[in-house]
Each structure stands twice: as structure tokens, then as C-alpha cells.
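Take a look at the structure below.
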Amino acid sequence: MPPDFDHVVAMRQALGASRAELTDEVLGKVPALAVAARSDGPDDRLREGDQVAVGFVGDGSAGSDLWLVTGREFYLEEGELAAGEHSH
């Protein structure tokens, strides 16, 4: 079973590094993005200042022509909710 992992971070487009552009039209479609060369687990999570290549999921686009820079981390949950360890 893959790790139970939720992560919410601010992202911005890396200026001058991307061939694709995040326009209002693109963002209005609420695209799903996949981070290239990163495992899907808490040990390899995005950290503030990381610059990563991303690709659009499900639209037929190939490659990672979009680069994003990670900003502030707002939320990280590493399985506490699934394991019943969460309390208020």
C-alpha cells in the first residue's frame, strides 16, 4: 500500500525556465499536474525553494515544459488521519 500522504504548498511559475505558460485560461480549467522525477511520499516531498519540472496530467501533453518553484508549506499530513491518530 502506498504511503498516506497529503501536502499543500504554494507554487509559482519559474520565470524564464518554462516553455509552457500558466495563463488564466489554463488555470480556469483547474489542470492536474504531475511532478517529474519525484517519488510520491513524505520523504521526497516538495520543500520551500525547490524548482521542479511538472507536466499536465490527462490532456495528452508530453514532456515537462513547465517549471514551478515551491513556496510556503501550508499543510502536511503523513498518515495520522488514516491511522486514527488524529485528535482535536
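Scheme for the C-alpha cells: letters A, B, ... for chains in order shown; per-chain residue numbers from 1; ligand numbers from 1 in order shown.
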Residues at most 6 Å from Val69 of chain A, counting only C-alpha atoms, excluding those fewer than 3 positions away in the same chain, as a PyMOL selection string?
chain A and resi 11-12+14+49-51
All residues 9 Å or closer to Glu21 of chain A, only C-alpha atoms, same chain fewer than 4 positions away omitted, as a VMD selection string
chain A and resid 13 26 65 to 66
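Shell of Val9 of chain A at 9 Å, with only C-alpha atoms counted and residues fewer than 4 places along the chain excluded, is Leu46, Arg47, Glu48, Thr70, Gly71, Arg72, Glu73, Phe74, Tyr75 and Leu76 of chain A.
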If you measure from atom CA of Val54 of chain A to atom CA of Ala36 of chain A, what distance in Å do you get, rounded to one decimal?
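Spanning atom CA of Val54 of chain A to atom CA of Ala36 of chain A is a straight-line distance of 5.5 Å.
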Which neighbours of Ala37 of chain A fall inside 12 Å, counting only C-alpha atoms, when residues of the same chain fewer than 6 positions from it are skipped, and could you give them as a ChimeraX atom specification?
/A:44-46,51-55,63-64
Could you write out that same residue set with N, CA and C atoms as a PDB file, in the first residue's frame?
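Once written, part-v2.pdb looks like this:
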ATOM      1  N   ASP A  44      10.193  12.540   0.140  1.00  0.00           N
ATOM      2  CA  ASP A  44      10.610  13.250  -1.071  1.00  0.00           C
ATOM      3  C   ASP A  44       9.660  14.405  -1.381  1.00  0.00           C
ATOM      4  N   ARG A  45       9.004  14.933  -0.346  1.00  0.00           N
ATOM      5  CA  ARG A  45       8.035  15.999  -0.571  1.00  0.00           C
ATOM      6  C   ARG A  45       8.730  17.286  -1.034  1.00  0.00           C
ATOM      7  N   LEU A  46       7.937  18.166  -1.599  1.00  0.00           N
ATOM      8  CA  LEU A  46       8.449  19.452  -2.048  1.00  0.00           C
ATOM      9  C   LEU A  46       8.752  20.327  -0.837  1.00  0.00           C
ATOM     10  N   GLN A  51      12.773  23.954  -7.145  1.00  0.00           N
ATOM     11  CA  GLN A  51      12.324  24.233  -8.507  1.00  0.00           C
ATOM     12  C   GLN A  51      12.145  22.879  -9.183  1.00  0.00           C
ATOM     13  N   VAL A  52      10.931  22.597  -9.684  1.00  0.00           N
ATOM     14  CA  VAL A  52      10.616  21.285 -10.220  1.00  0.00           C
ATOM     15  C   VAL A  52       9.954  21.375 -11.580  1.00  0.00           C
ATOM     16  N   ALA A  53      10.233  20.365 -12.415  1.00  0.00           N
ATOM     17  CA  ALA A  53       9.562  20.230 -13.704  1.00  0.00           C
ATOM     18  C   ALA A  53       8.240  19.518 -13.466  1.00  0.00           C
ATOM     19  N   VAL A  54       7.187  20.007 -14.110  1.00  0.00           N
ATOM     20  CA  VAL A  54       5.879  19.378 -13.994  1.00  0.00           C
ATOM     21  C   VAL A  54       5.278  19.197 -15.382  1.00  0.00           C
ATOM     22  N   GLY A  55       4.384  18.241 -15.482  1.00  0.00           N
ATOM     23  CA  GLY A  55       3.659  18.003 -16.728  1.00  0.00           C
ATOM     24  C   GLY A  55       2.168  17.973 -16.445  1.00  0.00           C
ATOM     25  N   GLY A  63       6.025  15.442 -22.016  1.00  0.00           N
ATOM     26  CA  GLY A  63       7.150  16.227 -21.530  1.00  0.00           C
ATOM     27  C   GLY A  63       6.802  17.078 -20.332  1.00  0.00           C
ATOM     28  N   SER A  64       7.808  17.778 -19.868  1.00  0.00           N
ATOM     29  CA  SER A  64       7.669  18.643 -18.700  1.00  0.00           C
ATOM     30  C   SER A  64       8.185  20.025 -19.068  1.00  0.00           C
TER      31      SER A  64
END
Could you give me, as a PyMOL selection string, each residue of segment 1-75 of chain A that DSSP assigns to helix (DSSP H, G or I) when run on this structure's backbone?
chain A and resi 24-28+42-44
Deliver the residues from the most recent selection as a file, using C-alpha atoms, as a tab-separated table (two decimals), in the first residue's frame.
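result.tsv, written as the output of this step:
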chain	number	residue	atom	x	y	z
A	24	ASP	CA	-5.85	32.49	-16.67
A	25	GLU	CA	-7.42	30.26	-19.34
A	26	VAL	CA	-5.23	27.28	-18.39
A	27	LEU	CA	-5.75	27.81	-14.65
A	28	GLY	CA	-9.50	28.17	-15.20
A	42	PRO	CA	6.65	12.29	2.52
A	43	ASP	CA	10.43	11.78	2.45
A	44	ASP	CA	10.61	13.25	-1.07
As a PyMOL selection string, please: the residues near Val57 of chain A (cut-off 7 Å, only C-alpha atoms, same-chain neighbours under 5 positions excluded).
chain A and resi 32-34
Those same residues - all heavy atoms - I'd like them written as a compact mmCIF listing (two decimals), in the first residue's frame.
# COMPACT_ATOMS: atom_id res chain seq x y z
N ALA A 32 -4.63 19.19 -13.63
CA ALA A 32 -3.88 18.31 -12.73
C ALA A 32 -2.44 18.28 -13.23
O ALA A 32 -2.19 18.20 -14.43
CB ALA A 32 -4.47 16.91 -12.74
N LEU A 33 -1.50 18.37 -12.31
CA LEU A 33 -0.09 18.38 -12.67
C LEU A 33 0.63 17.24 -11.98
O LEU A 33 0.31 16.88 -10.84
CB LEU A 33 0.56 19.71 -12.24
CG LEU A 33 -0.05 20.98 -12.81
CD1 LEU A 33 0.56 22.20 -12.12
CD2 LEU A 33 0.17 21.05 -14.30
N ALA A 34 1.62 16.68 -12.66
CA ALA A 34 2.46 15.64 -12.06
C ALA A 34 3.89 16.17 -11.99
O ALA A 34 4.42 16.69 -12.97
CB ALA A 34 2.43 14.37 -12.91
Between A:Phe56, A:Thr23, A:Leu68, A:Gly41, which is the closest to Asp6 of chain A once you count only C-alpha atoms?
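Ranking A:Phe56, A:Thr23, A:Leu68, A:Gly41 by distance to Asp6 of chain A, first place goes to A:Gly41.
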